[in-house]
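Asker: One file: query.cif (mmCIF, C-alpha atoms and all ligand atoms).
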```
data_final
loop_
_atom_site.label_atom_id
_atom_site.label_comp_id
_atom_site.auth_asym_id
_atom_site.auth_seq_id
_atom_site.Cartn_x
_atom_site.Cartn_y
_atom_site.Cartn_z
CA MET E 1 297.47 210.30 45.00
CA PRO E 2 294.76 209.52 42.47
CA GLY E 3 291.23 210.55 43.29
CA ASN E 4 292.21 213.35 45.56
CA GLU E 5 293.43 216.13 43.33
CA ALA E 6 290.34 218.27 43.71
CA GLY E 7 290.71 218.75 47.42
CA LYS E 8 294.47 219.06 47.26
CA GLN E 9 295.26 222.71 46.88
CA PRO E 10 297.97 223.36 49.44
CA GLY E 11 299.27 226.37 47.51
CA LYS E 12 295.92 228.15 47.67
CA ARG E 13 294.89 230.27 50.57
CA LEU E 14 291.18 229.58 50.54
CA ARG E 15 289.18 226.37 50.36
CA GLN E 16 286.05 225.84 48.27
CA PRO E 17 282.89 227.26 49.81
CA ILE E 18 280.34 224.54 50.62
CA VAL E 19 277.06 225.29 48.86
CA VAL E 20 273.61 223.80 49.45
CA VAL E 21 270.47 224.03 47.34
CA LEU E 22 267.11 224.55 49.04
CA GLY E 23 263.58 225.40 47.91
CA HIS E 24 260.06 224.14 47.37
CA VAL E 25 259.42 220.71 45.87
CA ASP E 26 259.37 220.70 42.04
CA HIS E 27 260.89 224.16 41.78
CA GLY E 28 263.95 222.62 40.12
CA LYS E 29 266.59 221.89 42.77
CA THR E 30 267.60 218.49 41.37
CA THR E 31 267.58 219.75 37.79
CA LEU E 32 269.78 222.67 38.80
CA LEU E 33 272.30 220.45 40.56
CA ASP E 34 272.38 218.12 37.55
CA LYS E 35 272.96 221.09 35.27
CA ILE E 36 275.77 222.42 37.45
CA ARG E 37 277.42 218.99 37.61
CA GLY E 38 276.99 218.64 33.86
CA THR E 39 278.65 222.02 33.35
CA ALA E 40 281.70 220.92 35.31
CA VAL E 41 281.84 217.52 33.65
CA THR E 42 281.44 218.85 30.12
CA ALA E 43 284.21 221.37 30.69
CA LYS E 44 286.41 218.38 31.54
CA GLU E 45 289.31 220.14 33.14
CA PRO E 46 292.34 217.89 32.96
CA GLY E 47 293.63 216.74 36.33
CA LEU E 48 290.61 217.97 38.20
CA ILE E 49 287.99 215.55 39.35
CA THR E 50 284.60 217.03 39.99
CA GLN E 51 283.02 214.22 41.93
CA HIS E 52 283.29 213.73 45.68
CA VAL E 53 281.24 211.52 47.97
CA GLY E 54 277.89 213.27 48.45
CA ALA E 55 279.19 216.41 46.77
CA SER E 56 280.51 217.78 43.47
CA VAL E 57 283.09 220.44 42.78
CA VAL E 58 282.95 223.05 40.06
CA PRO E 59 286.56 224.20 39.64
CA ALA E 60 287.37 227.92 39.49
CA SER E 61 288.69 227.57 35.93
CA VAL E 62 285.27 226.38 34.76
CA ILE E 63 283.48 229.25 36.50
CA GLU E 64 285.92 231.77 35.03
CA ARG E 65 285.44 230.39 31.56
CA LEU E 66 281.65 230.47 31.87
CA ALA E 67 281.77 234.04 33.21
CA GLU E 68 284.04 235.27 30.42
CA PRO E 69 281.18 236.99 28.50
CA LEU E 70 280.17 238.74 31.73
CA LYS E 71 283.48 240.44 32.43
CA LYS E 72 281.94 243.91 32.25
CA ILE E 73 279.21 243.11 34.76
CA ILE E 74 281.02 240.84 37.16
CA PRO E 75 284.69 241.79 37.07
CA PHE E 76 286.59 239.38 39.27
CA LYS E 77 289.45 236.99 39.42
CA LEU E 78 288.80 233.89 41.43
CA ILE E 79 291.04 233.13 44.36
CA ILE E 80 288.87 230.29 45.67
CA PRO E 81 289.68 226.93 44.05
CA GLY E 82 286.04 226.31 43.13
CA LEU E 83 282.64 225.63 44.65
CA LEU E 84 281.67 222.42 46.44
CA PHE E 85 277.98 221.58 46.02
CA ILE E 86 276.23 219.16 48.34
CA ASP E 87 274.58 216.73 45.90
CA THR E 88 271.33 216.12 47.74
CA PRO E 89 269.03 219.15 47.79
CA GLY E 90 266.37 220.11 50.29
CA HIS E 91 266.28 220.60 54.02
CA GLU E 92 266.55 217.02 55.09
CA LEU E 93 270.23 216.58 54.45
CA PHE E 94 270.85 220.22 55.25
CA SER E 95 269.82 219.52 58.83
CA ASN E 96 272.75 217.10 59.07
CA LEU E 97 275.19 219.85 58.16
CA ARG E 98 275.11 221.45 61.60
CA ARG E 99 278.20 222.89 63.10
CA ARG E 100 278.69 224.77 66.35
CA GLY E 101 276.96 228.10 66.02
CA GLY E 102 275.57 227.51 62.55
CA SER E 103 276.02 225.33 59.51
CA VAL E 104 278.80 223.62 57.63
CA ALA E 105 277.22 225.15 54.52
CA ASP E 106 278.91 228.43 53.69
CA PHE E 107 276.32 229.52 51.19
CA ALA E 108 272.92 228.49 49.85
CA ILE E 109 271.00 228.76 46.63
CA LEU E 110 267.29 229.19 47.26
CA VAL E 111 265.46 227.94 44.18
CA VAL E 112 262.11 229.61 43.45
CA ASP E 113 259.99 228.84 40.39
CA ILE E 114 259.52 232.33 38.93
CA ASN E 115 256.06 231.36 37.65
CA ASP E 116 254.84 229.61 40.78
CA GLY E 117 256.37 232.03 43.29
CA PHE E 118 256.85 231.50 47.03
CA GLN E 119 255.41 228.25 48.40
CA PRO E 120 255.41 226.71 51.90
CA GLN E 121 258.86 225.13 51.61
CA THR E 122 260.27 228.38 50.22
CA TYR E 123 259.31 230.10 53.47
CA GLU E 124 260.59 227.15 55.49
CA SER E 125 263.92 227.22 53.68
CA ILE E 126 264.36 230.93 54.38
CA GLU E 127 263.56 230.37 58.03
CA ILE E 128 266.14 227.59 58.29
CA LEU E 129 268.78 229.67 56.51
CA ARG E 130 268.05 232.57 58.82
CA GLN E 131 268.33 230.40 61.93
CA ARG E 132 271.63 228.91 60.82
CA ARG E 133 272.87 232.25 59.48
CA VAL E 134 273.68 230.94 56.04
CA PRO E 135 273.87 233.66 53.37
CA PHE E 136 271.99 232.91 50.18
CA VAL E 137 271.25 233.96 46.64
CA VAL E 138 267.93 233.28 44.96
CA ALA E 139 267.77 231.40 41.67
CA ALA E 140 264.51 232.47 40.00
CA ASN E 141 264.09 229.30 37.98
CA LYS E 142 262.13 228.21 34.88
CA ILE E 143 262.45 231.49 32.96
CA ASP E 144 262.10 229.37 29.79
CA LYS E 145 258.42 228.92 30.73
CA ILE E 146 257.68 232.63 30.61
CA PRO E 147 255.23 233.18 27.72
CA GLY E 148 257.09 234.11 24.54
CA TRP E 149 260.56 233.30 25.95
CA LYS E 150 263.01 232.20 23.24
CA PRO E 151 265.58 229.92 24.82
CA HIS E 152 269.30 230.32 24.14
CA PRO E 153 270.73 227.19 25.70
CA ASP E 154 273.71 227.53 28.04
CA THR E 155 273.91 231.27 27.49
CA PRO E 156 274.30 233.87 30.25
CA PHE E 157 270.96 235.33 31.30
CA ILE E 158 271.97 238.88 30.38
CA ILE E 159 272.75 237.87 26.82
CA SER E 160 269.60 235.82 26.34
CA TYR E 161 267.48 238.54 27.99
CA ARG E 162 268.71 241.17 25.50
CA GLN E 163 267.49 238.99 22.66
CA GLN E 164 263.93 238.64 23.97
CA ALA E 165 261.02 240.77 22.71
CA LYS E 166 260.23 243.82 24.82
CA TRP E 167 256.93 242.40 26.05
CA VAL E 168 258.66 239.19 27.10
CA GLN E 169 261.25 241.15 29.05
CA GLU E 170 258.42 243.02 30.75
CA GLU E 171 256.69 239.78 31.59
CA LEU E 172 259.87 238.51 33.22
CA GLU E 173 260.32 241.73 35.20
CA LYS E 174 256.75 241.55 36.44
CA LYS E 175 257.03 237.95 37.61
CA LEU E 176 260.43 238.61 39.11
CA TRP E 177 258.98 241.46 41.11
CA ASP E 178 255.59 240.00 42.08
CA ASN E 179 256.64 236.41 42.74
CA VAL E 180 260.15 236.81 44.12
CA ILE E 181 261.47 240.27 45.01
CA ALA E 182 258.27 241.62 46.60
CA LYS E 183 257.96 238.41 48.61
CA LEU E 184 261.48 238.81 49.95
CA TYR E 185 260.67 242.42 50.91
CA GLU E 186 257.62 241.18 52.82
CA LEU E 187 259.98 238.99 54.84
CA GLY E 188 262.25 241.93 55.57
CA PHE E 189 264.93 241.28 52.94
CA GLN E 190 266.03 243.88 50.49
CA ALA E 191 266.36 242.09 47.15
CA GLU E 192 267.25 242.97 43.57
CA ARG E 193 268.10 241.37 40.26
CA PHE E 194 271.82 240.54 40.64
CA ASP E 195 273.02 243.02 38.01
CA ARG E 196 271.20 245.86 39.77
CA VAL E 197 272.54 245.18 43.25
CA LYS E 198 274.72 247.98 44.58
CA ASP E 199 275.58 246.59 47.98
CA PHE E 200 275.69 242.81 48.22
CA THR E 201 276.01 242.92 52.01
CA ARG E 202 272.53 244.40 52.33
CA THR E 203 270.71 243.05 49.30
CA VAL E 204 269.80 239.50 48.33
CA ALA E 205 270.88 238.89 44.74
CA VAL E 206 268.26 237.25 42.53
CA VAL E 207 269.54 235.46 39.43
CA PRO E 208 266.96 234.50 36.79
CA ILE E 209 267.85 231.08 35.41
CA SER E 210 266.55 228.06 33.61
CA ALA E 211 267.94 224.85 35.06
CA LYS E 212 266.59 223.16 31.97
CA THR E 213 268.17 225.30 29.21
CA GLY E 214 271.19 226.42 31.24
CA GLU E 215 270.44 230.11 30.80
CA GLY E 216 271.77 232.13 33.72
CA ILE E 217 273.91 229.32 35.17
CA ALA E 218 277.06 231.32 34.35
CA GLU E 219 275.83 234.27 36.40
CA LEU E 220 274.60 232.09 39.23
CA LEU E 221 278.02 230.44 39.63
CA ALA E 222 279.86 233.74 39.17
CA VAL E 223 277.73 235.56 41.73
CA LEU E 224 278.13 232.72 44.24
CA ALA E 225 281.87 232.50 43.79
CA GLY E 226 282.31 236.27 43.82
CA LEU E 227 280.26 236.77 46.96
CA ALA E 228 281.80 233.87 48.81
CA GLN E 229 285.38 234.93 48.24
CA ARG E 230 284.61 238.55 48.98
CA TYR E 231 282.64 238.13 52.18
CA LEU E 232 283.61 234.75 53.57
CA GLN E 233 287.39 234.90 53.37
CA HIS E 234 287.84 234.38 57.05
CA ARG E 235 285.63 231.29 57.03
CA LEU E 236 287.29 229.88 53.96
CA ARG E 237 290.87 230.27 55.10
CA PHE E 238 292.30 226.82 54.72
CA ALA E 239 294.04 225.24 57.69
CA GLU E 240 296.43 222.39 57.01
CA GLY E 241 295.85 221.01 60.49
CA PRO E 242 293.71 218.11 61.71
CA ALA E 243 290.40 217.73 59.91
CA ARG E 244 287.04 218.91 61.09
CA GLY E 245 283.91 217.68 59.48
CA VAL E 246 280.40 216.39 59.90
CA ILE E 247 278.72 213.08 59.11
CA LEU E 248 276.31 213.63 56.26
CA GLU E 249 275.03 210.06 56.01
CA LEU E 250 275.79 206.58 57.28
CA ARG E 251 275.86 203.70 54.87
CA GLU E 252 276.06 199.97 55.15
CA GLN E 253 278.69 198.75 52.71
CA PRO E 254 279.13 195.01 52.08
CA GLY E 255 282.46 193.87 53.45
CA LEU E 256 283.19 197.20 55.12
CA GLY E 257 280.38 197.45 57.65
CA THR E 258 278.91 200.84 58.44
CA THR E 259 280.74 203.64 56.67
CA ALA E 260 280.23 207.39 57.05
CA ASP E 261 279.93 209.92 54.27
CA VAL E 262 281.63 212.94 55.74
CA ILE E 263 281.91 216.55 54.65
CA ILE E 264 285.31 217.93 55.66
CA TYR E 265 285.19 221.71 56.09
CA ASP E 266 288.61 222.31 57.54
CA GLY E 267 292.06 220.70 57.57
CA VAL E 268 293.31 217.34 56.35
CA LEU E 269 291.95 213.85 57.00
CA LYS E 270 294.40 210.94 56.60
CA ARG E 271 294.19 207.19 56.60
CA GLY E 272 295.14 205.97 60.09
CA ASP E 273 294.01 209.21 61.80
CA LEU E 274 292.53 208.98 65.26
CA ILE E 275 289.02 210.40 64.96
CA VAL E 276 286.32 211.40 67.38
CA THR E 277 282.69 211.41 66.38
CA GLY E 278 279.36 210.89 68.06
CA GLY E 279 276.48 208.49 68.50
CA LEU E 280 273.33 208.50 70.54
CA GLU E 281 275.04 206.40 73.19
CA GLY E 282 277.97 208.78 73.45
CA PRO E 283 281.19 209.83 71.76
CA ILE E 284 283.10 207.36 69.60
CA ILE E 285 286.88 207.29 69.41
CA THR E 286 288.17 205.23 66.51
CA ARG E 287 290.77 205.10 63.76
CA VAL E 288 290.31 205.66 60.02
CA ARG E 289 290.84 202.34 58.30
CA ALA E 290 290.28 203.66 54.79
CA LEU E 291 289.16 206.76 52.92
CA LEU E 292 287.20 206.31 49.71
CA MET E 293 286.71 208.78 46.88
CA PRO E 294 285.22 208.38 43.38
CA LYS E 295 287.69 207.40 40.70
CA PRO E 296 288.89 210.28 38.54
CA LEU E 297 286.71 211.17 35.62
CA GLN E 298 287.29 209.14 32.48
CA GLU E 299 284.39 210.12 30.31
CA ILE E 300 281.58 212.62 30.04
CA ARG E 301 279.07 210.86 32.19
CA ILE E 302 277.50 211.81 35.47
CA ALA E 303 276.80 208.22 36.43
CA LYS E 304 277.87 207.13 39.88
CA ARG E 305 281.45 205.97 39.69
CA GLU E 306 283.27 203.39 41.71
CA LEU E 307 285.06 204.47 44.82
CA GLU E 308 288.74 203.85 45.41
CA PRO E 309 291.02 204.25 48.43
CA VAL E 310 292.98 207.49 48.90
CA GLY E 311 295.58 208.35 51.52
CA GLU E 312 294.30 211.78 52.51
CA VAL E 313 291.73 214.44 51.68
CA TYR E 314 291.87 218.21 52.06
CA ALA E 315 288.98 220.52 52.90
CA ALA E 316 286.58 221.12 51.44
CA ALA E 317 285.74 217.55 50.52
CA GLY E 318 283.14 214.84 50.63
CA VAL E 319 284.66 211.46 51.49
CA ARG E 320 283.54 208.02 52.64
CA VAL E 321 285.20 207.03 55.89
CA VAL E 322 285.71 203.37 56.77
CA ALA E 323 286.36 202.78 60.48
CA PRO E 324 285.34 200.42 63.27
CA GLU E 325 282.37 201.35 65.47
CA LEU E 326 280.69 203.64 62.99
CA GLU E 327 277.52 201.57 63.35
CA LYS E 328 277.01 203.52 66.58
CA ALA E 329 277.45 206.93 64.94
CA VAL E 330 274.64 209.30 63.94
CA ALA E 331 274.24 211.49 60.88
CA GLY E 332 274.80 215.11 61.83
CA ALA E 333 277.50 214.27 64.36
CA PRO E 334 280.74 216.23 64.21
CA LEU E 335 283.94 214.43 63.28
CA TYR E 336 287.30 215.66 64.55
CA VAL E 337 290.83 214.38 64.13
CA ALA E 338 292.76 214.06 67.39
CA THR E 339 296.54 214.28 67.44
CA SER E 340 296.87 212.24 70.65
CA GLU E 341 294.84 209.93 72.91
CA GLU E 342 294.68 212.74 75.42
CA GLU E 343 293.28 215.19 72.91
CA ALA E 344 290.82 212.53 71.77
CA LYS E 345 289.39 212.42 75.29
CA LYS E 346 288.96 216.20 75.33
CA LEU E 347 287.34 216.15 71.92
CA ALA E 348 285.04 213.34 73.07
CA GLU E 349 283.70 215.62 75.79
CA ARG E 350 283.15 218.36 73.24
CA VAL E 351 281.36 215.94 70.92
CA ARG E 352 279.18 214.76 73.80
CA GLN E 353 278.09 218.34 74.46
CA GLU E 354 277.48 219.04 70.81
CA ILE E 355 275.36 215.92 70.34
CA GLU E 356 273.40 216.84 73.45
CA ALA E 357 272.76 220.34 72.05
CA LEU E 358 271.84 218.82 68.72
CA ARG E 359 269.29 216.54 70.41
CA ILE E 360 267.70 219.36 72.33
CA LYS E 361 267.52 221.43 69.18
CA THR E 362 266.05 218.59 67.13
CA GLU E 363 263.38 218.01 69.74
CA ALA E 364 262.56 221.73 69.80
CA GLU E 365 262.22 221.97 66.01
P1 LIG U 401 262.93 219.54 42.83
O1 LIG U 401 261.80 218.81 43.45
O2 LIG U 401 263.02 220.95 43.35
O3 LIG U 401 264.26 218.84 42.90
O4 LIG U 401 262.55 219.73 41.28
P2 LIG U 401 263.07 218.94 40.00
O5 LIG U 401 264.44 219.35 39.65
O6 LIG U 401 262.78 217.51 40.17
O7 LIG U 401 262.12 219.57 38.89
C1 LIG U 401 260.72 219.41 38.89
C2 LIG U 401 260.20 219.45 37.47
O8 LIG U 401 260.44 220.73 36.90
C3 LIG U 401 260.88 218.45 36.54
O9 LIG U 401 259.92 217.94 35.66
C4 LIG U 401 261.90 219.28 35.81
O10 LIG U 401 262.20 218.79 34.53
C5 LIG U 401 261.19 220.62 35.71
N1 LIG U 401 262.13 221.74 35.65
C6 LIG U 401 263.13 222.01 36.50
N2 LIG U 401 263.77 223.14 36.13
C7 LIG U 401 263.15 223.58 35.02
C8 LIG U 401 263.34 224.72 34.16
O11 LIG U 401 264.22 225.56 34.33
N3 LIG U 401 262.47 224.85 33.12
C9 LIG U 401 261.47 223.94 32.87
N4 LIG U 401 260.69 224.17 31.84
N5 LIG U 401 261.27 222.88 33.67
C10 LIG U 401 262.09 222.69 34.72
#
```
Translate the structure described by the file into structure tokens.

Answerer:
Amino acid sequence: MPGNEAGKQPGKRLRQPIVVVLGHVDHGKTTLLDKIRGTAVTAKEPGLITQHVGASVVPASVIERLAEPLKKIIPFKLIIPGLLFIDTPGHELFSNLRRRGGSVADFAILVVDINDGFQPQTYESIEILRQRRVPFVVAANKIDKIPGWKPHPDTPFIISYRQQAKWVQEELEKKLWDNVIAKLYELGFQAERFDRVKDFTRTVAVVPISAKTGEGIAELLAVLAGLAQRYLQHRLRFAEGPARGVILELREQPGLGTTADVIIYDGVLKRGDLIVTGGLEGPIITRVRALLMPKPLQEIRIAKRELEPVGEVYAAAGVRVVAPELEKAVAGAPLYVATSEEEAKKLAERVRQEIEALRIKTEAE
């Protein structure tokens, strides 16, 4: 089944955690996501595609390789198959990732410019993450702009940090404290540079990075993966049953009508499946006509690739769903696979309630 190898890990116990990137405008969210995607693409793992629809996967093997020099600080073996990053940063798309009692996102990276510090959208992001109960790490970005900093491209932070002059290290520590850690304390969070954290359940880990030079990206991915598989095992346990997901975005596609970009967070979605989703006029029961995924990677380019049909996708995955009646659907609606017409009716009632709750919430926000 070409185009679907990344999500197909039936032998593994856990699925990829779904990760979102939030933070203030211009603090480097897009640059960070590009860097992370670039890391996965450059590593070019054979047989593993990294691109999904609306999301990208960094396979575990890539994270392990990047974290190799950090073995002494972050000793772990990955049992998750990788990390799935939602490609579009910021709170707008994040608000479409709702799921009963929280978010489809399992983890978040809050990006803060270490020089600029907390800004209005930084506070907003924390508030949203708190409301949805999404755990997060902080990426203290743009360390390359600290006066005197000598960049060591694509090197772990710890290694680059050791090679900086003493006064430069002190400058970093001061900014890290004043602009990031102290601010988190003011909001009631205990926080610490990641390599000084003793108890990750109580302390927010802060990873100094440069999305531009790639310094610290190894630690950021390693900390995320390590924390997710240690504390979210229950959530990440992969079920081979009917899929559950959420509509991230709706898209008009010539010849196919309205299609839905869906994030699948549990189970398996197959062509021909009976699905239940929601629109403002009520629940929609329809059948999957086609599932589209990007073609497997041929070359080292991050350019948008053509989509091609696949027979099935396994959580976690981002996939484009082609089905009748999607023009009535709304972004943010849940999407469930039903195993019978009868079950579809029950699920439709559930969807109706969830959309109703979503509307009330949206109006309240
Ligand atoms: P977003 O609005 O949060 O997505 O921010 P962008 O990723 O668009 O970045 C805003 C600007 O900051 C761009 O000009 C980036 O090139 C720059 N930028 C992002 N990360 C870094 C970094 O680590 N170091 C430096 N020097 N510039 C950065």

Asker: Could the residues that lie within 10 Å of ligand LIG 401 (chain U), counting all atoms listed in the file, be listed as a PyMOL selection string?

Answerer: chain E and resi 21-35+88-90+111-114+140-146+208-215

Asker: Ranking E:Glu127, E:Glu327, E:Glu341, E:Asp87 by minimum distance to His52 (chain E) and counting only C-alpha atoms, which one comes first?

Answerer: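 Looking only at the distances to His52 (chain E), the closest residue turns out to be E:Asp87.
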
Asker: Report the closest atom pair, with its distance in Å rounded to one decimal, for each residue of region 88-135 of chain E that has an atom no farther than 7 Å from region 166-188 of chain E; count only C-alpha atoms, sort by chain and then rising residue number, and write it as CSV.

Answerer:
```
residue,atom,partner,partner_atom,distance
E:Ile114,CA,E:Asn179,CA,6.3
E:Asn115,CA,E:Lys175,CA,6.7
E:Gly117,CA,E:Asn179,CA,4.4
E:Phe118,CA,E:Asn179,CA,6.5
```

Asker: Any idea what's packed within 9 Å of Ile18 (chain E), counting only C-alpha atoms, ignoring anything in its chain fewer than 6 positions away? Could you give it as a ChimeraX atom specification?

Answerer: /E:83-86,104-108,265,316-317

Asker: Quick one: distance from CA of Leu78 (chain E) to CA of Ser103 (chain E) in Å, one decimal?

Answerer: 23.7 Å

Asker: Extending 6 Å beyond the listed atoms of region 176-194 of chain E on each side, what axis-aligned box results? I want centre and edge lengths in Å to one decimal, as lines of an AutoDock Vina configuration file.

Answerer:
```
center_x = 263.7
center_y = 240.1
center_z = 47.3
size_x = 28.2
size_y = 19.5
size_z = 28.5
```

Asker: What lies within 12 Å of Thr39 (chain E) using all atoms listed in the file, ignoring chain neighbours under 6 positions off, as a PyMOL selection string?

Answerer: chain E and resi 32-33+45+50+56-59+61-63+65-66+154-155+211+213-215+217-218+221+300-302

Asker: Please save C-alpha atoms of the selected residues as a compact mmCIF listing (two decimals), in the coordinates of the input.

Answerer:
```
# COMPACT_ATOMS: atom_id res chain seq x y z
CA LEU E 32 269.78 222.67 38.80
CA LEU E 33 272.30 220.45 40.56
CA GLU E 45 289.31 220.14 33.14
CA THR E 50 284.60 217.03 39.99
CA SER E 56 280.51 217.78 43.47
CA VAL E 57 283.09 220.44 42.78
CA VAL E 58 282.95 223.05 40.06
CA PRO E 59 286.56 224.20 39.64
CA SER E 61 288.69 227.57 35.93
CA VAL E 62 285.27 226.38 34.76
CA ILE E 63 283.48 229.25 36.50
CA ARG E 65 285.44 230.39 31.56
CA LEU E 66 281.65 230.47 31.87
CA ASP E 154 273.71 227.53 28.04
CA THR E 155 273.91 231.27 27.49
CA ALA E 211 267.94 224.85 35.06
CA THR E 213 268.17 225.30 29.21
CA GLY E 214 271.19 226.42 31.24
CA GLU E 215 270.44 230.11 30.80
CA ILE E 217 273.91 229.32 35.17
CA ALA E 218 277.06 231.32 34.35
CA LEU E 221 278.02 230.44 39.63
CA ILE E 300 281.58 212.62 30.04
CA ARG E 301 279.07 210.86 32.19
CA ILE E 302 277.50 211.81 35.47
```

Asker: Using all atoms listed in the file, which of the listed residues (E:Ile247, E:Gly272, E:Glu308, E:Arg352) sits closest to Leu335 (chain E)?

Answerer: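 Smallest separation from Leu335 (chain E) among the options: E:Ile247.
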
Asker: What is the distance between CA of Ala338 (chain E) and CA of Arg99 (chain E), in Å to one decimal?

Answerer: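 Value for the CA of Ala338 (chain E)-CA of Arg99 (chain E) distance: 17.6 Å.
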
Asker: When you draw a straight line from CA of Glu342 (chain E) to CA of Leu250 (chain E), how long is it in Å?

Answerer: 26.9 Å

Asker: If we count only C-alpha atoms and set the cut-off at 8 Å, which residues sit around Leu248 (chain E), ignoring sequence neighbours fewer than 3 positions away in its own chain? Please answer as a PyMOL selection string.

Answerer: chain E and resi 54+93+96-97+260-263+331-332

Asker: Would you mind exporting the chosen residues as a tab-separated table (two decimals), in the coordinates of the input, restricted to C-alpha atoms?

Answerer:
```tsv
chain	number	residue	atom	x	y	z
E	54	GLY	CA	277.89	213.27	48.45
E	93	LEU	CA	270.23	216.58	54.45
E	96	ASN	CA	272.75	217.10	59.07
E	97	LEU	CA	275.19	219.85	58.16
E	260	ALA	CA	280.23	207.39	57.05
E	261	ASP	CA	279.93	209.92	54.27
E	262	VAL	CA	281.63	212.94	55.74
E	263	ILE	CA	281.91	216.55	54.65
E	331	ALA	CA	274.24	211.49	60.88
E	332	GLY	CA	274.80	215.11	61.83
```

Asker: Just checking: using only C-alpha atoms, which residue out of E:Ala348, E:Val321, E:Leu358, E:Val134 ends up closest to Leu291 (chain E)?

Answerer: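 Checking each of E:Ala348, E:Val321, E:Leu358, E:Val134 against Leu291 (chain E), counting only C-alpha atoms, the winner is E:Val321.
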
Asker: Determine the nearest neighbour of Arg287 (chain E) from the options E:Val313, E:Val337, E:Val268, E:Val319, counting only C-alpha atoms.

Answerer: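 Comparing E:Val313, E:Val337, E:Val268, E:Val319 against Arg287 (chain E), the winner is E:Val337.
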